[in-house]
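The structure file input28.cif is reproduced below (mmCIF, C-alpha atoms).
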```cif
data_my_file
loop_
_atom_site.label_atom_id
_atom_site.label_comp_id
_atom_site.auth_asym_id
_atom_site.auth_seq_id
_atom_site.Cartn_x
_atom_site.Cartn_y
_atom_site.Cartn_z
CA GLU A 1 164.54 186.34 97.20
CA ALA A 2 161.73 188.38 98.73
CA GLY A 3 158.83 186.39 100.13
CA VAL A 4 155.14 187.13 99.91
CA THR A 5 154.50 190.62 101.23
CA GLN A 6 151.19 191.87 102.58
CA SER A 7 150.01 195.33 103.55
CA PRO A 8 148.94 196.79 105.80
CA THR A 9 150.07 194.76 108.79
CA HIS A 10 147.11 195.90 110.84
CA LEU A 11 143.83 197.45 109.80
CA ILE A 12 141.14 198.77 112.11
CA LYS A 13 137.67 199.44 110.74
CA THR A 14 134.16 199.86 112.03
CA ARG A 15 131.06 197.91 111.09
CA GLY A 16 129.72 198.72 107.64
CA GLN A 17 133.01 200.10 106.31
CA GLN A 18 135.04 198.62 103.49
CA ALA A 19 138.56 197.18 103.75
CA THR A 20 141.23 196.64 101.11
CA LEU A 21 144.11 194.28 101.74
CA ARG A 22 147.08 193.95 99.41
CA CYS A 23 149.46 191.16 98.51
CA SER A 24 152.61 190.90 96.41
CA PRO A 25 153.58 187.35 95.47
CA ILE A 26 157.06 185.89 95.25
CA SER A 27 158.69 186.97 92.01
CA GLY A 28 157.77 184.54 89.22
CA HIS A 29 154.71 183.18 91.00
CA THR A 30 151.48 183.56 89.03
CA SER A 31 148.93 182.13 91.46
CA VAL A 32 147.72 184.00 94.52
CA TYR A 33 145.48 182.63 97.26
CA TRP A 34 143.66 184.27 100.15
CA TYR A 35 142.79 182.57 103.44
CA GLN A 36 141.01 183.74 106.55
CA GLN A 37 142.32 182.68 109.96
CA ALA A 38 139.66 183.53 112.48
CA LEU A 39 139.82 182.65 116.16
CA GLY A 40 138.18 179.30 116.71
CA LEU A 41 137.52 178.68 113.01
CA GLY A 42 140.97 177.76 111.78
CA LEU A 43 142.25 178.48 108.29
CA GLN A 44 139.55 178.86 105.66
CA PHE A 45 140.15 179.19 101.92
CA LEU A 46 138.75 182.41 100.44
CA LEU A 47 139.93 182.93 96.86
CA TRP A 48 142.36 181.74 94.22
CA TYR A 49 143.62 183.91 91.36
CA ASP A 50 145.80 182.77 88.51
CA GLU A 51 146.89 184.77 85.48
CA GLY A 52 144.47 187.54 86.38
CA GLU A 53 141.42 185.31 86.61
CA GLU A 54 139.45 184.10 89.63
CA ARG A 55 139.78 180.31 89.54
CA ASN A 56 137.94 179.33 92.70
CA ARG A 57 136.32 180.83 95.76
CA GLY A 58 135.50 179.38 99.14
CA ASN A 59 132.25 179.47 101.04
CA PHE A 60 132.18 183.19 101.75
CA PRO A 61 129.52 185.79 100.90
CA PRO A 62 129.88 187.98 97.77
CA ARG A 63 130.97 190.97 99.86
CA PHE A 64 134.37 189.25 99.89
CA SER A 65 135.93 189.92 96.50
CA GLY A 66 139.27 190.60 94.96
CA ARG A 67 141.34 190.87 91.87
CA GLN A 68 144.73 190.10 90.47
CA PHE A 69 146.70 192.68 88.56
CA PRO A 70 148.91 192.19 85.46
CA ASN A 71 152.01 192.13 87.72
CA TYR A 72 150.34 189.23 89.63
CA SER A 73 149.84 191.25 92.81
CA SER A 74 146.40 190.99 94.32
CA GLU A 75 143.99 192.78 96.55
CA LEU A 76 141.18 191.49 98.70
CA ASN A 77 138.17 193.72 99.27
CA VAL A 78 135.69 193.19 102.05
CA ASN A 79 132.54 195.31 101.90
CA ALA A 80 129.96 196.01 104.58
CA LEU A 81 132.29 194.82 107.33
CA GLU A 82 130.80 192.76 110.14
CA LEU A 83 132.23 192.01 113.57
CA GLU A 84 132.87 188.39 112.61
CA ASP A 85 135.19 189.52 109.80
CA SER A 86 137.82 190.22 112.45
CA ALA A 87 140.62 187.82 111.60
CA LEU A 88 144.11 187.40 110.23
CA TYR A 89 143.98 187.38 106.43
CA LEU A 90 146.79 185.41 104.85
CA CYS A 91 147.93 185.62 101.27
CA ALA A 92 149.91 182.85 99.61
CA SER A 93 151.50 182.40 96.22
CA SER A 94 152.69 179.48 94.15
CA LEU A 95 154.62 178.85 90.98
CA GLY A 96 152.10 177.94 88.34
CA ALA A 97 148.48 177.04 88.87
CA GLY A 98 148.70 175.63 92.36
CA GLY A 99 148.83 171.89 91.93
CA SER A 100 150.11 169.19 94.14
CA ASN A 101 153.74 169.86 93.26
CA GLN A 102 153.52 173.62 93.73
CA PRO A 103 153.52 174.41 97.45
CA GLN A 104 151.91 177.60 98.59
CA HIS A 105 154.14 180.14 100.32
CA PHE A 106 152.51 182.48 102.79
CA GLY A 107 152.97 186.08 103.84
CA ASP A 108 152.74 187.32 107.43
CA GLY A 109 149.14 188.41 107.03
CA THR A 110 146.99 191.45 107.65
CA ARG A 111 145.26 191.60 111.01
CA LEU A 112 141.80 193.09 110.41
CA SER A 113 139.95 194.28 113.49
CA ILE A 114 136.34 195.43 113.32
CA LEU A 115 135.14 197.70 116.12
CA GLY B 1 134.61 166.15 101.32
CA ASN B 2 138.30 166.13 102.02
CA SER B 3 139.42 166.81 105.57
CA VAL B 4 142.41 166.81 107.91
CA THR B 5 142.39 165.91 111.60
CA GLN B 6 145.23 166.76 113.96
CA MET B 7 145.80 165.78 117.54
CA GLU B 8 144.51 168.19 120.12
CA GLY B 9 146.99 170.51 121.74
CA PRO B 10 148.70 172.03 123.46
CA VAL B 11 151.64 169.68 123.50
CA THR B 12 154.18 170.55 126.19
CA LEU B 13 157.63 168.98 126.08
CA SER B 14 161.00 169.47 127.70
CA GLU B 15 163.95 170.45 125.55
CA GLU B 16 165.53 167.46 123.74
CA ALA B 17 162.38 165.35 124.04
CA PHE B 18 160.96 163.39 121.10
CA LEU B 19 158.05 164.98 119.29
CA THR B 20 155.13 163.37 117.48
CA ILE B 21 152.14 165.33 116.22
CA ASN B 22 149.51 163.07 114.70
CA CYS B 23 147.74 163.95 111.47
CA THR B 24 145.20 161.86 109.57
CA TYR B 25 143.31 162.77 106.45
CA THR B 26 140.31 161.88 104.32
CA ALA B 27 140.67 162.52 100.63
CA THR B 28 139.65 161.41 97.18
CA GLY B 29 142.30 161.15 94.56
CA TYR B 30 145.97 161.58 95.36
CA PRO B 31 146.54 164.77 97.33
CA SER B 32 149.88 166.17 98.35
CA LEU B 33 150.44 166.59 102.08
CA PHE B 34 152.14 169.43 103.89
CA TRP B 35 153.22 170.59 107.32
CA TYR B 36 153.28 174.31 107.98
CA VAL B 37 154.52 176.10 111.10
CA GLN B 38 153.28 179.42 112.46
CA TYR B 39 155.41 181.34 114.94
CA PRO B 40 153.72 184.00 117.11
CA GLY B 41 152.73 187.06 115.12
CA GLU B 42 153.80 185.56 111.81
CA GLY B 43 152.30 183.83 108.80
CA LEU B 44 152.69 180.19 107.86
CA GLN B 45 156.03 178.75 106.84
CA LEU B 46 156.21 175.59 104.77
CA LEU B 47 158.03 173.03 106.88
CA LEU B 48 157.93 169.97 104.63
CA LYS B 49 155.86 168.23 101.99
CA ALA B 50 155.23 164.82 100.42
CA THR B 51 153.54 164.35 97.08
CA LYS B 52 152.90 160.61 96.88
CA ALA B 53 152.52 157.50 99.01
CA ASP B 54 155.63 156.46 100.97
CA ASP B 55 157.37 159.79 100.31
CA LYS B 56 159.18 161.16 103.34
CA GLY B 57 159.39 164.92 103.70
CA SER B 58 162.11 166.33 105.92
CA ASN B 59 163.46 169.72 106.96
CA LYS B 60 165.26 171.19 109.99
CA GLY B 61 165.20 167.83 111.79
CA PHE B 62 161.46 167.33 111.25
CA GLU B 63 160.17 164.36 109.26
CA ALA B 64 156.82 163.03 108.09
CA THR B 65 155.98 160.02 105.90
CA TYR B 66 152.96 159.87 103.59
CA ARG B 67 151.17 156.66 104.67
CA LYS B 68 148.34 155.89 102.27
CA GLU B 69 147.35 152.66 104.02
CA THR B 70 146.70 154.47 107.30
CA THR B 71 145.85 157.86 105.70
CA SER B 72 148.35 159.52 108.00
CA PHE B 73 151.15 162.07 107.86
CA HIS B 74 152.53 162.29 111.39
CA LEU B 75 155.17 164.90 112.17
CA GLU B 76 158.22 163.80 114.17
CA LYS B 77 161.40 165.32 115.50
CA GLY B 78 164.00 163.50 117.52
CA SER B 79 165.06 166.33 119.82
CA VAL B 80 163.01 169.50 120.16
CA GLN B 81 164.37 172.92 121.08
CA VAL B 82 162.73 175.88 122.77
CA SER B 83 162.82 177.64 119.40
CA ASP B 84 160.46 174.97 117.98
CA SER B 85 157.62 176.37 120.10
CA ALA B 86 154.93 177.31 117.58
CA VAL B 87 151.64 176.16 116.07
CA TYR B 88 151.91 173.33 113.55
CA PHE B 89 149.37 172.78 110.78
CA CYS B 90 148.89 169.68 108.69
CA ALA B 91 147.35 170.35 105.26
CA LEU B 92 146.42 168.62 102.05
CA SER B 93 145.95 169.87 98.52
CA ASP B 94 142.29 169.60 97.60
CA GLN B 95 142.36 167.69 94.34
CA GLY B 96 139.47 165.51 93.35
CA SER B 97 138.49 165.45 89.71
CA SER B 98 139.95 168.93 89.25
CA ASN B 99 142.43 171.22 90.91
CA THR B 100 140.60 173.56 93.27
CA GLY B 101 143.79 175.37 94.28
CA LYS B 102 142.94 175.30 97.94
CA LEU B 103 144.70 173.76 100.87
CA ILE B 104 142.61 172.09 103.54
CA PHE B 105 144.12 172.56 106.97
CA GLY B 106 143.85 170.75 110.24
CA GLN B 107 142.96 172.78 113.30
CA GLY B 108 146.59 173.28 114.32
CA THR B 109 148.56 171.90 117.24
CA THR B 110 150.34 174.22 119.65
CA LEU B 111 153.76 173.01 120.75
CA GLN B 112 155.40 174.49 123.81
CA VAL B 113 158.97 173.44 124.61
CA LYS B 114 160.32 174.23 128.06
CA PRO B 115 164.03 174.60 128.86
#
```

I'd like the structure from this file rewritten - as structure tokens, please.
Amino acid sequence: EAGVTQSPTHLIKTRGQQATLRCSPISGHTSVYWYQQALGLGLQFLLWYDEGEERNRGNFPPRFSGRQFPNYSSELNVNALELEDSALYLCASSLGAGGSNQPQHFGDGTRLSIL
Amino acid sequence: GNSVTQMEGPVTLSEEAFLTINCTYTATGYPSLFWYVQYPGEGLQLLLKATKADDKGSNKGFEATYRKETTSFHLEKGSVQVSDSAVYFCALSDQGSSNTGKLIFGQGTTLQVKP
């Protein structure tokens, strides 16, 4: 069974540009989550999508947005990139609407570097 | 709010030594608890989970018991190998009055095992 796949592996942008990160969940999983892992800040929850709808978002500005497609894949968009957006962005998926009995399974992440 | 605290790293051990990584949590309701492991250059892998008090999660020789009375979920392994060198994250499912979908992570503990 294929795991969560993310693309691209690395992405280099400059300040003010826009970035799009993509995620394909494990087959059969309907919930997708995005996390940011920045140096010194740990793992921070960004967004949760389930059945095409945004269910929750973390404490991030509106320039972080995303969507979930009918095939349950997802993309994360970051507009007006800032230096502090440099981080590893991790996508996770779970079977059903992410409750206590539905562990989240993570991809290998997209390393976003802002120059 | 809910939170997770892990012991400071790095933890350096010799091969075949006993491992304990401490994790304590603060939470309302009845969260599930998880340990994830992150190898260099990779995403997070689910190591084990426990969904209710007194549950013991186990996998690949690692164990952790959900202790509600001490709000702890310490990770243990009887005999570590060099291949166990990684960063370990304790996490809880953020569930108060409703399911937020997010995991709350500790800051991570780096384990280095020397031959």

Within 9 Å of chain A, which residues of chain B come that close, and what is the closest atom pair and distance in Å for each? Count only C-alpha atoms and give it as a Markdown table.
```
| residue | atom | partner | partner_atom | distance |
| --- | --- | --- | --- | --- |
| B:Tyr30 | CA | A:Ser100 | CA | 8.7 |
| B:Pro31 | CA | A:Ser100 | CA | 6.5 |
| B:Ser32 | CA | A:Ser100 | CA | 5.2 |
| B:Leu33 | CA | A:Ser100 | CA | 8.4 |
| B:Phe34 | CA | A:Pro103 | CA | 8.3 |
| B:Gly41 | CA | A:Asp108 | CA | 7.7 |
| B:Glu42 | CA | A:Asp108 | CA | 4.8 |
| B:Gly43 | CA | A:Asp108 | CA | 3.8 |
| B:Leu44 | CA | A:Phe106 | CA | 5.6 |
| B:Gln45 | CA | A:Phe106 | CA | 6.5 |
| B:Leu46 | CA | A:His105 | CA | 6.7 |
| B:Lys49 | CA | A:Pro103 | CA | 8.0 |
| B:Ala50 | CA | A:Asn101 | CA | 8.9 |
| B:Thr51 | CA | A:Ser100 | CA | 6.6 |
| B:Leu92 | CA | A:Ser100 | CA | 8.7 |
| B:Ser93 | CA | A:Ser100 | CA | 6.1 |
| B:Asp94 | CA | A:Ser100 | CA | 8.6 |
| B:Gln95 | CA | A:Ser100 | CA | 7.9 |
| B:Asn99 | CA | A:Gly99 | CA | 6.5 |
| B:Thr100 | CA | A:Asn56 | CA | 6.4 |
| B:Gly101 | CA | A:Gly98 | CA | 5.3 |
| B:Lys102 | CA | A:Phe45 | CA | 6.2 |
| B:Leu103 | CA | A:Phe45 | CA | 7.2 |
| B:Ile104 | CA | A:Phe45 | CA | 7.7 |
| B:Phe105 | CA | A:Leu43 | CA | 6.3 |
| B:Gly106 | CA | A:Gly42 | CA | 7.7 |
| B:Gln107 | CA | A:Gly42 | CA | 5.6 |
| B:Gly108 | CA | A:Gly42 | CA | 7.6 |
```

Determine, counting all atoms listed in the file, which protein, DNA and RNA residues have an atom within 10 Å of an atom of Tyr25 (chain B); residues of the same chain fewer than 2 positions away are not included. Present the result as a PDB file with C-alpha atoms, in the frame of the given file.
```pdb
ATOM      1  CA  ASN B   2     138.300 166.130 102.020  1.00  0.00           C
ATOM      2  CA  SER B   3     139.420 166.810 105.570  1.00  0.00           C
ATOM      3  CA  VAL B   4     142.410 166.810 107.910  1.00  0.00           C
ATOM      4  CA  THR B   5     142.390 165.910 111.600  1.00  0.00           C
ATOM      5  CA  GLN B   6     145.230 166.760 113.960  1.00  0.00           C
ATOM      6  CA  CYS B  23     147.740 163.950 111.470  1.00  0.00           C
ATOM      7  CA  ALA B  27     140.670 162.520 100.630  1.00  0.00           C
ATOM      8  CA  PRO B  31     146.540 164.770  97.330  1.00  0.00           C
ATOM      9  CA  LEU B  33     150.440 166.590 102.080  1.00  0.00           C
ATOM     10  CA  LYS B  68     148.340 155.890 102.270  1.00  0.00           C
ATOM     11  CA  THR B  70     146.700 154.470 107.300  1.00  0.00           C
ATOM     12  CA  THR B  71     145.850 157.860 105.700  1.00  0.00           C
ATOM     13  CA  SER B  72     148.350 159.520 108.000  1.00  0.00           C
ATOM     14  CA  PHE B  73     151.150 162.070 107.860  1.00  0.00           C
ATOM     15  CA  CYS B  90     148.890 169.680 108.690  1.00  0.00           C
ATOM     16  CA  ALA B  91     147.350 170.350 105.260  1.00  0.00           C
ATOM     17  CA  LEU B  92     146.420 168.620 102.050  1.00  0.00           C
ATOM     18  CA  ILE B 104     142.610 172.090 103.540  1.00  0.00           C
ATOM     19  CA  PHE B 105     144.120 172.560 106.970  1.00  0.00           C
ATOM     20  CA  GLY B 106     143.850 170.750 110.240  1.00  0.00           C
TER      21      GLY B 106
END
```

Inset, instruction - May I have the residues within 7 Å of His29 (chain A) as a PyMOL selection string, using all atoms listed in the file and disregarding those fewer than 2 positions away in the same chain? - result: chain A and resi 25-27+31+93-96

If the PyMOL selection byres ((chain A and resi 66) around 8) is run on the structure shown, which residues does it catch, given as a PDB file with C-alpha atoms, keeping the file's coordinate frame?
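New file result-v8.pdb:
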```pdb
ATOM      1  CA  LEU A  47     139.930 182.930  96.860  1.00  0.00           C
ATOM      2  CA  PHE A  64     134.370 189.250  99.890  1.00  0.00           C
ATOM      3  CA  SER A  65     135.930 189.920  96.500  1.00  0.00           C
ATOM      4  CA  ARG A  67     141.340 190.870  91.870  1.00  0.00           C
ATOM      5  CA  GLN A  68     144.730 190.100  90.470  1.00  0.00           C
ATOM      6  CA  SER A  74     146.400 190.990  94.320  1.00  0.00           C
ATOM      7  CA  GLU A  75     143.990 192.780  96.550  1.00  0.00           C
ATOM      8  CA  LEU A  76     141.180 191.490  98.700  1.00  0.00           C
ATOM      9  CA  ASN A  77     138.170 193.720  99.270  1.00  0.00           C
TER      10      ASN A  77
END
```

Inset, instruction - Could you please determine the separation between CA of Ser7 (chain A) and CA of Asp85 (chain A) in Å, to one decimal place? - result: 17.1 Å

Give as a compact mmCIF listing (two decimals) with C-alpha atoms, in the frame of the given file the residues that the PyMOL selection byres ((chain A and resi 17) around 6) matches when applied to the coordinates above.
```
# COMPACT_ATOMS: atom_id res chain seq x y z
CA THR A 14 134.16 199.86 112.03
CA ARG A 15 131.06 197.91 111.09
CA GLY A 16 129.72 198.72 107.64
CA GLN A 18 135.04 198.62 103.49
CA ALA A 80 129.96 196.01 104.58
CA LEU A 81 132.29 194.82 107.33
```

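Here CA of Pro70 (chain A) stands at a distance of 17.1 Å from CA of Leu21 (chain A).
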
Inset, instruction - Would you mind reading off the distance between CA of Leu111 (chain B) and CA of Gly57 (chain B), one decimal, in Å? - result: 19.7 Å

Inset, instruction - Evaluate the PyMOL selection byres ((chain B and resi 17) around 9) on the structure here and hand back the selected residues as an MDAnalysis selection string. - result: chainID B and resid 13:16 18:19 77:81 113

Just need the box for region 62-67 of chain A, edges along x, y and z, holding every atom the file lists for it with 5 Å tacked onto each side, so centre and edge lengths in Å to one decimal, as AutoDock Vina command-line options.
```
--center_x 135.6 --center_y 189.5 --center_z 95.9 --size_x 21.5 --size_y 13.0 --size_z 18.0
```

Inset, instruction - For Ala86 (chain B), work out the shell of residues within 10 Å, counting only C-alpha atoms and skipping chain neighbours fewer than 4 positions away, then give it as a list in words. - result: Val37, Gln38, Tyr39, Pro40, Val82, Gly108, Thr109, Thr110, Leu111, Gln112 and Val113 of chain B
